[in-house]
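Inspection log for the structure reproduced underneath, given as structure tokens.
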Amino acid sequence: MKSLPKNLVNKMVKYIKTFTPLCLVDKKRQEAFEADILAKEYIDKNSLYKCKYQKNSEIFYPVKDGLNKIYKNKCAYCETRINRAPTNIEHYRPKSIYYALVYSWSNLLPICDICNTKKSNKFEIEGVDVRNKIRIFTKMQYTTKLFNRIEKPKFIHPEIDNYEHLFRFNTKGEIIVYKNIPDSDRMTYTIKHSDLNENALAQRRAKVLQDFIQIRNELFYLFKL
């Protein structure tokens, strides 16, 4: 099988949040935030970061629906489509450790069940630990970028980090990380702890590449005619 040009092989989508769901900054969330700060742990038993409200007979989930729209109905890590697997609201910085960032919009990601199980509460850092330094409710919404500069987490953040130059996909659908460049170790860590080279996932990627190559070759043939 012919290999694809590198700029086609490693292309991934960069996601950007442009608004904060109003429910994450309302009084109920503020009270839960202040209770967590006072207890010095996550004690919200109602998972209020999931945000839901009912209008007439229909239930809406502004945070989950907003994340799914931004990420185009795909898992933030493996990019599996939602119609293939259930999605959860993932805390990039785990809520069991970073209780002050439970309701932070920049800390929330859509993630499939498999990646959620694999990542679990893993969150190693190489810099200075600033967990739960936020004490003011209005200050915690967009802290991830600042915290990342200070803490230097090993996990890649799909909205904040530039990672396209760190890897490529081979024709087997596997992610191959380029070595000895800045952040290559972080990419390797993210792949390992989210199991992004899992066999079934790699096979689906390979199928996409094979279909693309077939279409490309058919078009080349037609144009030659």
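For the structure tokens, the naming scheme is as follows: chains receive sequential letters (A, B, ...) according to their order of presentation, residues are indexed from 1 within each chain, and ligands are indexed from 1 in presentation order.
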
Taking a cut-off of 12 Å and counting only C-alpha atoms, can you build a table that, for each residue of range 109-206 of chain A near range 13-29 of chain A, reports the nearest atom pair and how far apart they are in Å (one decimal), sorted by chain then residue number, as JSON lines?
{"residue": "A:Leu109", "atom": "CA", "partner": "A:Tyr15", "partner_atom": "CA", "distance": 10.4}
{"residue": "A:Pro110", "atom": "CA", "partner": "A:Tyr15", "partner_atom": "CA", "distance": 11.4}
{"residue": "A:Ile136", "atom": "CA", "partner": "A:Val25", "partner_atom": "CA", "distance": 11.8}
{"residue": "A:Phe137", "atom": "CA", "partner": "A:Val25", "partner_atom": "CA", "distance": 8.1}
{"residue": "A:Thr138", "atom": "CA", "partner": "A:Val25", "partner_atom": "CA", "distance": 7.6}
{"residue": "A:Lys139", "atom": "CA", "partner": "A:Val25", "partner_atom": "CA", "distance": 10.6}
{"residue": "A:Met140", "atom": "CA", "partner": "A:Val25", "partner_atom": "CA", "distance": 10.0}
{"residue": "A:Gln141", "atom": "CA", "partner": "A:Thr20", "partner_atom": "CA", "distance": 8.0}
{"residue": "A:Tyr142", "atom": "CA", "partner": "A:Thr20", "partner_atom": "CA", "distance": 9.4}
{"residue": "A:His157", "atom": "CA", "partner": "A:Tyr15", "partner_atom": "CA", "distance": 10.0}
{"residue": "A:Pro158", "atom": "CA", "partner": "A:Lys14", "partner_atom": "CA", "distance": 6.7}
{"residue": "A:Glu159", "atom": "CA", "partner": "A:Tyr15", "partner_atom": "CA", "distance": 5.1}
{"residue": "A:Ile160", "atom": "CA", "partner": "A:Ile16", "partner_atom": "CA", "distance": 8.2}
{"residue": "A:Asp161", "atom": "CA", "partner": "A:Lys14", "partner_atom": "CA", "distance": 9.0}
{"residue": "A:Asn162", "atom": "CA", "partner": "A:Lys14", "partner_atom": "CA", "distance": 8.4}
{"residue": "A:Tyr163", "atom": "CA", "partner": "A:Lys14", "partner_atom": "CA", "distance": 9.3}
{"residue": "A:Glu164", "atom": "CA", "partner": "A:Val13", "partner_atom": "CA", "distance": 9.0}

Might you pull out every residue within 7 Å of Phe123 in chain A, with only C-alpha atoms counted and same-chain residues fewer than 6 positions away left off, and present them as a VMD selection string?
chain A and resid 93 153 155

Serialized selection, C-alpha atoms, as a CSV table (one decimal), in the first residue's frame:
chain,number,residue,atom,x,y,z
A,93,ARG,CA,-7.7,17.7,35.8
A,153,PRO,CA,1.1,18.2,32.9
A,155,PHE,CA,-1.4,14.7,29.4

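Coordinates place CA of Cys112 in chain A at a distance of 7.5 Å from CA of Ile82 in chain A.
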
Need the shell around range 60-70 of chain A: protein/DNA/RNA residues with any atom at most 6 Å away, counting only C-alpha atoms. Skip same-chain ones fewer than 5 positions apart. Format as a list in words?
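The filter keeps Cys51, Lys52, Tyr53 and Pro110 of chain A.
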
I'd like to know which residues of range 6-135 of chain A are helix (DSSP H, G or I) (by DSSP, run on the backbone); could you write them as a PyMOL selection string?
chain A and resi 6-9+22-25+27-39+48-50+62-70+99-101+105-107+113-119

Residue nearest Ser104 in chain A among A:Cys78, A:Leu201, A:Leu48, A:Ile176 (counting only C-alpha atoms)
A:Leu48

Show me, as a list in words, the residues that have an atom within 7 Å of range 203-208 of chain A when counting only C-alpha atoms, minus same-chain residues fewer than 2 positions from it.
Thr171, Lys172, Gly173, Asn199, Ala200, Leu201, Gln210, Asp211 and Phe212 of chain A

Based on DSSP run over this structure's backbone, return all residues of range 33-152 of chain A in strand (DSSP E or B), as an MDAnalysis selection string.
chainID A and resid 53:55 58:60 74 81 87:91 108:112 125

Do you have, as JSON lines, the list of residues of range 115-162 of chain A lying at most 6 Å from range 177-196 of chain A, each with its nearest atom pair and that distance in Å to one decimal, counting only C-alpha atoms and ordered by chain then number?
{"residue": "A:Cys115", "atom": "CA", "partner": "A:Ser194", "partner_atom": "CA", "distance": 5.2}
{"residue": "A:Lys118", "atom": "CA", "partner": "A:Ser194", "partner_atom": "CA", "distance": 5.2}
{"residue": "A:Lys119", "atom": "CA", "partner": "A:Ser194", "partner_atom": "CA", "distance": 5.3}
{"residue": "A:Lys154", "atom": "CA", "partner": "A:Arg186", "partner_atom": "CA", "distance": 4.9}
{"residue": "A:Phe155", "atom": "CA", "partner": "A:Thr190", "partner_atom": "CA", "distance": 5.2}

Write a file of the selected residues as a short mmCIF file (atom, residue, chain, number, x, y, z; two decimals), in the first residue's frame, keeping N, CA, C and O atoms.
data_model
loop_
_atom_site.label_atom_id
_atom_site.label_comp_id
_atom_site.auth_asym_id
_atom_site.auth_seq_id
_atom_site.Cartn_x
_atom_site.Cartn_y
_atom_site.Cartn_z
N CYS A 115 -11.89 5.63 26.83
CA CYS A 115 -10.85 6.59 27.22
C CYS A 115 -11.05 7.05 28.66
O CYS A 115 -10.08 7.27 29.40
N LYS A 118 -9.66 4.34 30.86
CA LYS A 118 -8.20 4.27 30.76
C LYS A 118 -7.54 5.45 31.48
O LYS A 118 -6.57 5.27 32.23
N LYS A 119 -8.05 6.66 31.25
CA LYS A 119 -7.44 7.84 31.85
C LYS A 119 -7.70 7.89 33.36
O LYS A 119 -6.80 8.19 34.14
N LYS A 154 1.64 15.99 32.02
CA LYS A 154 2.07 15.03 31.00
C LYS A 154 0.97 14.76 29.98
O LYS A 154 1.28 14.37 28.85
N PHE A 155 -0.28 14.92 30.38
CA PHE A 155 -1.37 14.70 29.44
C PHE A 155 -1.51 15.89 28.50
O PHE A 155 -1.50 17.05 28.91
#

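The space separating CA of Lys152 in chain A from CA of Ile125 in chain A comes to 5.5 Å.
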
Atomic separation - CA of Ile111 in chain A relative to CA of Arg135 in chain A, Å
27.5 Å

Set the distance at 12 Å and use only C-alpha atoms: which residues neighbour Lys133 in chain A once local chain neighbours fewer than 4 positions away are removed? I'd like the list as a VMD selection string.
chain A and resid 37 40 97 to 101 128 to 129 137 139 to 140 143 146 to 147

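Using only C-alpha atoms, the nearest neighbour of Ala76 in chain A within the list A:Glu126, A:Asp44, A:Glu90, A:Glu218 is A:Glu90.
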